[in-house]
Every structure is written in structure tokens, then in C-alpha cells.
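Shown next: coords.cif, given as mmCIF, C-alpha atoms; chains and numbers go by the auth columns.
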data_upload
#
loop_
_atom_site.group_PDB
_atom_site.id
_atom_site.type_symbol
_atom_site.label_atom_id
_atom_site.label_comp_id
_atom_site.label_asym_id
_atom_site.label_seq_id
_atom_site.Cartn_x
_atom_site.Cartn_y
_atom_site.Cartn_z
_atom_site.B_iso_or_equiv
_atom_site.auth_seq_id
_atom_site.auth_asym_id
ATOM 1 C CA MET A 1 135.836 110.065 88.545 0.00 1 A
ATOM 2 C CA ASP A 2 135.423 113.623 87.374 0.00 2 A
ATOM 3 C CA GLU A 3 133.158 114.717 84.523 0.00 3 A
ATOM 4 C CA VAL A 4 136.052 115.592 82.185 0.00 4 A
ATOM 5 C CA THR A 5 137.688 112.192 82.602 0.00 5 A
ATOM 6 C CA LEU A 6 134.358 110.456 82.158 0.00 6 A
ATOM 7 C CA LYS A 7 133.586 112.317 78.926 0.00 7 A
ATOM 8 C CA ALA A 8 136.988 111.362 77.514 0.00 8 A
ATOM 9 C CA LEU A 9 136.389 107.622 77.942 0.00 9 A
ATOM 10 C CA PRO A 10 135.441 105.553 74.887 0.00 10 A
ATOM 11 C CA TRP A 11 131.747 104.614 74.841 0.00 11 A
ATOM 12 C CA GLU A 12 132.582 100.914 75.414 0.00 12 A
ATOM 13 C CA THR A 13 134.392 101.857 78.616 0.00 13 A
ATOM 14 C CA LYS A 14 131.522 104.087 79.733 0.00 14 A
ATOM 15 C CA GLU A 15 129.065 101.249 79.187 0.00 15 A
ATOM 16 C CA TRP A 16 131.324 98.840 81.103 0.00 16 A
ATOM 17 C CA LEU A 17 131.598 101.369 83.934 0.00 17 A
ATOM 18 C CA ALA A 18 127.824 101.772 84.122 0.00 18 A
ATOM 19 C CA GLN A 19 127.404 98.001 84.396 0.00 19 A
ATOM 20 C CA ALA A 20 130.165 97.741 87.020 0.00 20 A
ATOM 21 C CA ILE A 21 128.584 100.534 89.073 0.00 21 A
ATOM 22 C CA ALA A 22 125.185 98.841 88.957 0.00 22 A
ATOM 23 C CA GLY A 23 126.697 95.550 90.020 0.00 23 A
ATOM 24 C CA MET A 24 128.573 97.166 92.896 0.00 24 A
ATOM 25 C CA VAL A 25 125.488 98.991 94.141 0.00 25 A
ATOM 26 C CA LEU A 26 123.493 95.756 93.978 0.00 26 A
ATOM 27 C CA ALA A 27 126.277 93.552 95.434 0.00 27 A
ATOM 28 C CA ASP A 28 124.954 93.670 98.995 0.00 28 A
ATOM 29 C CA GLY A 29 121.303 93.393 97.961 0.00 29 A
ATOM 30 C CA THR A 30 120.368 96.936 98.992 0.00 30 A
ATOM 31 C CA VAL A 31 120.668 100.377 97.487 0.00 31 A
ATOM 32 C CA ALA A 32 121.861 102.725 100.229 0.00 32 A
ATOM 33 C CA PRO A 33 120.878 106.395 99.957 0.00 33 A
ATOM 34 C CA GLU A 34 124.590 107.233 99.559 0.00 34 A
ATOM 35 C CA GLU A 35 124.708 105.028 96.443 0.00 35 A
ATOM 36 C CA VAL A 36 121.840 106.626 94.494 0.00 36 A
ATOM 37 C CA GLY A 37 124.046 109.405 93.118 0.00 37 A
ATOM 38 C CA PHE A 38 126.413 106.794 91.720 0.00 38 A
ATOM 39 C CA LEU A 39 123.535 105.168 89.861 0.00 39 A
ATOM 40 C CA GLN A 40 122.717 108.557 88.355 0.00 40 A
ATOM 41 C CA ASP A 41 126.370 108.871 87.281 0.00 41 A
ATOM 42 C CA ALA A 42 126.138 105.421 85.715 0.00 42 A
ATOM 43 C CA ILE A 43 123.089 106.453 83.714 0.00 43 A
ATOM 44 C CA ARG A 44 125.036 109.457 82.384 0.00 44 A
ATOM 45 C CA CYS A 45 127.606 106.981 81.021 0.00 45 A
ATOM 46 C CA LEU A 46 124.993 105.439 78.759 0.00 46 A
ATOM 47 C CA ILE A 47 124.326 107.019 75.396 0.00 47 A
ATOM 48 C CA GLU A 48 121.557 104.979 73.810 0.00 48 A
ATOM 49 C CA PRO A 49 118.032 105.469 75.242 0.00 49 A
ATOM 50 C CA HIS A 50 117.251 101.729 75.168 0.00 50 A
ATOM 51 C CA LYS A 51 120.412 101.031 77.197 0.00 51 A
ATOM 52 C CA ILE A 52 119.243 103.545 79.800 0.00 52 A
ATOM 53 C CA GLN A 53 115.857 101.826 80.045 0.00 53 A
ATOM 54 C CA GLU A 54 117.504 98.386 80.337 0.00 54 A
ATOM 55 C CA PHE A 55 119.769 99.759 83.069 0.00 55 A
ATOM 56 C CA VAL A 56 116.902 101.253 85.078 0.00 56 A
ATOM 57 C CA THR A 57 114.886 98.027 84.775 0.00 57 A
ATOM 58 C CA MET A 58 117.880 95.932 85.846 0.00 58 A
ATOM 59 C CA VAL A 59 118.420 98.058 88.969 0.00 59 A
ATOM 60 C CA LYS A 60 114.717 98.116 89.861 0.00 60 A
ATOM 61 C CA GLU A 61 114.586 94.319 89.566 0.00 61 A
ATOM 62 C CA ARG A 62 117.903 94.042 91.458 0.00 62 A
ATOM 63 C CA LYS A 63 119.462 91.917 88.719 0.00 63 A
ATOM 64 C CA ALA A 64 123.231 92.142 88.693 0.00 64 A
ATOM 65 C CA PRO A 65 124.698 92.705 85.224 0.00 65 A
ATOM 66 C CA LYS A 66 127.123 90.324 83.572 0.00 66 A
ATOM 67 C CA ILE A 67 130.518 92.018 83.586 0.00 67 A
ATOM 68 C CA GLU A 68 132.885 91.327 80.701 0.00 68 A
ATOM 69 C CA PHE A 69 136.645 91.793 80.616 0.00 69 A
ATOM 70 C CA LEU A 70 137.701 95.356 79.821 0.00 70 A
ATOM 71 C CA ARG A 71 140.988 95.714 78.019 0.00 71 A
ATOM 72 C CA THR A 72 142.559 99.084 78.727 0.00 72 A
ATOM 73 C CA ASN A 73 145.831 100.474 80.026 0.00 73 A
ATOM 74 C CA GLN A 74 146.903 100.091 83.661 0.00 74 A
ATOM 75 C CA GLU A 75 146.234 103.718 84.585 0.00 75 A
ATOM 76 C CA ASN A 76 142.654 103.686 83.261 0.00 76 A
ATOM 77 C CA ALA A 77 142.052 100.254 84.749 0.00 77 A
ATOM 78 C CA PHE A 78 143.160 101.398 88.199 0.00 78 A
ATOM 79 C CA GLU A 79 141.102 104.615 88.044 0.00 79 A
ATOM 80 C CA LEU A 80 138.010 102.665 86.987 0.00 80 A
ATOM 81 C CA TYR A 81 138.655 100.078 89.693 0.00 81 A
ATOM 82 C CA THR A 82 139.054 102.562 92.531 0.00 82 A
ATOM 83 C CA HIS A 83 136.030 104.515 91.307 0.00 83 A
ATOM 84 C CA VAL A 84 133.840 101.412 91.478 0.00 84 A
ATOM 85 C CA VAL A 85 135.314 100.483 94.869 0.00 85 A
ATOM 86 C CA SER A 86 134.574 103.970 96.227 0.00 86 A
ATOM 87 C CA ILE A 87 130.898 103.348 95.514 0.00 87 A
ATOM 88 C CA CYS A 88 130.713 100.333 97.759 0.00 88 A
ATOM 89 C CA ILE A 89 132.282 102.130 100.693 0.00 89 A
ATOM 90 C CA ALA A 90 130.151 105.266 100.315 0.00 90 A
ATOM 91 C CA ASP A 91 127.891 103.986 103.095 0.00 91 A
ATOM 92 C CA ASP A 92 130.876 103.177 105.362 0.00 92 A
ATOM 93 C CA LYS A 93 130.128 99.463 105.215 0.00 93 A
ATOM 94 C CA LEU A 94 131.903 96.631 103.481 0.00 94 A
ATOM 95 C CA THR A 95 130.095 93.314 103.236 0.00 95 A
ATOM 96 C CA LYS A 96 131.585 90.015 102.126 0.00 96 A
ATOM 97 C CA SER A 97 129.519 90.140 98.933 0.00 97 A
ATOM 98 C CA GLU A 98 130.854 93.627 98.175 0.00 98 A
ATOM 99 C CA ALA A 99 134.443 92.482 98.812 0.00 99 A
ATOM 100 C CA ASP A 100 133.889 89.496 96.518 0.00 100 A
ATOM 101 C CA TYR A 101 132.464 91.805 93.847 0.00 101 A
ATOM 102 C CA MET A 102 135.514 94.070 94.196 0.00 102 A
ATOM 103 C CA ARG A 103 137.803 91.112 93.579 0.00 103 A
ATOM 104 C CA MET A 104 135.774 90.064 90.547 0.00 104 A
ATOM 105 C CA ILE A 105 135.842 93.588 89.070 0.00 105 A
ATOM 106 C CA GLY A 106 139.603 93.767 89.563 0.00 106 A
ATOM 107 C CA GLY A 107 139.973 90.489 87.692 0.00 107 A
ATOM 108 C CA LYS A 108 137.775 91.762 84.851 0.00 108 A
ATOM 109 C CA LEU A 109 140.180 94.693 84.534 0.00 109 A
ATOM 110 C CA GLY A 110 143.128 92.293 84.325 0.00 110 A
ATOM 111 C CA PHE A 111 144.530 92.729 87.832 0.00 111 A
ATOM 112 C CA ASP A 112 145.992 89.762 89.688 0.00 112 A
ATOM 113 C CA PRO A 113 144.375 88.409 92.881 0.00 113 A
ATOM 114 C CA ASP A 114 147.085 89.880 95.157 0.00 114 A
ATOM 115 C CA LEU A 115 146.410 93.406 93.935 0.00 115 A
ATOM 116 C CA CYS A 116 142.655 92.842 94.271 0.00 116 A
ATOM 117 C CA THR A 117 143.121 91.680 97.866 0.00 117 A
ATOM 118 C CA GLY A 118 145.209 94.772 98.509 0.00 118 A
ATOM 119 C CA VAL A 119 142.422 96.983 97.157 0.00 119 A
ATOM 120 C CA VAL A 120 139.842 95.211 99.343 0.00 120 A
ATOM 121 C CA ASN A 121 142.107 95.718 102.376 0.00 121 A
ATOM 122 C CA TRP A 122 142.531 99.399 101.477 0.00 122 A
ATOM 123 C CA ALA A 123 138.740 99.783 101.150 0.00 123 A
ATOM 124 C CA ASN A 124 138.288 98.172 104.561 0.00 124 A
ATOM 125 C CA ASP A 125 140.864 100.577 106.028 0.00 125 A
ATOM 126 C CA VAL A 126 138.957 103.528 104.550 0.00 126 A
ATOM 127 C CA VAL A 127 135.686 102.252 106.048 0.00 127 A
ATOM 128 C CA GLN A 128 137.324 101.891 109.461 0.00 128 A
ATOM 129 C CA ALA A 129 138.908 105.351 109.228 0.00 129 A
ATOM 130 C CA ASN A 130 135.568 106.902 108.256 0.00 130 A
ATOM 131 C CA ARG A 131 133.836 105.197 111.172 0.00 131 A
ATOM 132 C CA ARG A 132 136.508 106.446 113.565 0.00 132 A
ATOM 133 C CA ARG A 133 136.151 109.982 112.168 0.00 133 A
ATOM 134 C CA LYS A 134 132.395 109.842 112.821 0.00 134 A
ATOM 135 C CA GLU A 135 133.036 108.673 116.385 0.00 135 A
ATOM 136 C CA LEU A 136 135.499 111.504 116.959 0.00 136 A
ATOM 137 C CA ARG A 137 133.094 114.024 115.444 0.00 137 A
ATOM 138 C CA SER A 138 130.358 112.820 117.754 0.00 138 A
ATOM 139 C CA MET A 139 132.713 113.200 120.731 0.00 139 A
ATOM 140 C CA ALA A 140 133.727 116.680 119.572 0.00 140 A
ATOM 141 C CA LEU A 141 130.116 117.787 119.292 0.00 141 A
ATOM 142 C CA ARG A 142 129.477 116.706 122.900 0.00 142 A
ATOM 143 C CA THR A 143 132.613 118.396 124.224 0.00 143 A
ATOM 144 C CA GLU A 144 132.526 121.744 125.934 0.00 144 A
ATOM 145 C CA LEU A 145 135.137 124.003 124.397 0.00 145 A
ATOM 146 C CA HIS A 146 137.676 125.697 126.649 0.00 146 A
ATOM 147 C CA TYR A 147 140.038 128.424 125.596 0.00 147 A
ATOM 148 C CA LYS A 148 143.188 129.266 127.528 0.00 148 A
ATOM 149 C CA GLU A 149 145.903 131.698 126.676 0.00 149 A
ATOM 150 C CA ALA A 150 149.140 129.866 126.055 0.00 150 A
#
Render the structure in this file as C-alpha cells.
Amino acid sequence: MDEVTLKALPWETKEWLAQAIAGMVLADGTVAPEEVGFLQDAIRCLIEPHKIQEFVTMVKERKAPKIEFLRTNQENAFELYTHVVSICIADDKLTKSEADYMRMIGGKLGFDPDLCTGVVNWANDVVQANRRRKELRSMALRTELHYKEA
């Protein structure tokens, strides 16, 4: 989610997003290096200094936040949903606990279980595509280049 879009969100939505990001990062029990930047983004969503301190403490203690329902329009809900999902696949892994968390977040945004399953399947496809790209890159880096005139 870009900075302009983030700034335009109501503070309640920003706070919800920060909590959802923290929960997603903590869903698999580890904080991957690729996920740290997302935690920093989440902190920028918080306005009140005491909320920032609570957030940092929660992450350090690896306590998942309680996520409430967020009532918003479908477009915002989908953008928030896919943003949170993108965090979990940043490390090119998708655990069962992360998939379960994705489904829960989708439900908290008002989406039905079929759509949530579709989003989980899409996330899994992205992970697989990213892994394949890394494999191909590795092959390309080991390949001797040949140039022939056509």
C-alpha cells in the first residue's frame, strides 16, 4: 500500500491495519528479515505514542493482537486484505498458520470463506511462482552465454 493511500485512511483503519500486520508477521511464530520493513510500516500507521509502545512490546513478546471486524467498502477491504497477505508471502513461504490467519483476516473484513480460500490459493501461487523465478535465476547465473547472429 503506497504512502499516499495510507495517509488517506481514517485513523481507525490505520490502527486496524497495524494490528493485522503484526498478527500476520507473528502468525508463523517467526519474524523473517523480509517482514521487518512491514512492521516499520505498521508503526507508521499508529499516531499515539502509547499505541506505538504497546505495539513494539506486543511484537517483542510475540503476542498476536486481537483483530476486530473492520467495516469499510469493498475496494478498501480488498486493498487492505491483499496488503496484509503480501506480508506473509514476502519470505516466499506460506505456512498453514499463515493461511489460517489470512482466512481470519478476510472474515474480519467481511469477505466470505470462498473468497478467502481464493486469496489463499492466489498467495500460494505467488509463492510458487517466486520460487520458480529464483530457480530460473540461479540456472541463468550458471549458464554460459552464447551469442549467434540470426
Legend entry - Contacts of Lys60 (chain A) within 12 Å, all atoms listed in the file, excl. fewer than 6 positions in-chain, as a VMD selection string: chain A and resid 22 25 to 26 29 to 31 39 53 to 54
Inset, instruction - Go through A:Asp91, A:Glu135, A:Asp125, A:Glu48 one by one, measure the shortest atom-to-atom distance of each to Ala32 (chain A) using all atoms listed in the file, and give the residue with the smallest value. - result: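 That would be A:Asp91, the residue with the smallest distance to Ala32 (chain A).
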Inset, instruction - Evaluate the PyMOL selection byres ((chain A and resi 127-134) around 12) here and jot the selected residues down as a ChimeraX atom specification. - result: /A:85-95,120-126,135-141
Listing only residues of region 1-100 of chain A within 6 Å of region 104-116 of chain A, what is the closest atom pair and its distance in Å (to one decimal) for each, using all atoms listed in the file, sorted by chain and residue number ascending, as CSV?
residue,atom,partner,partner_atom,distance
A:Phe69,CA,A:Lys108,CA,4.4
A:Leu70,CA,A:Leu109,CA,5.4
A:Ala77,CA,A:Leu109,CA,5.9
Legend entry - Residue nearest Asp28 (chain A) - candidates A:Glu68, A:Glu75, A:Glu12, A:Glu98, atoms counted: only C-alpha atoms: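 Nearest candidate to Asp28 (chain A) out of A:Glu68, A:Glu75, A:Glu12, A:Glu98: A:Glu98.
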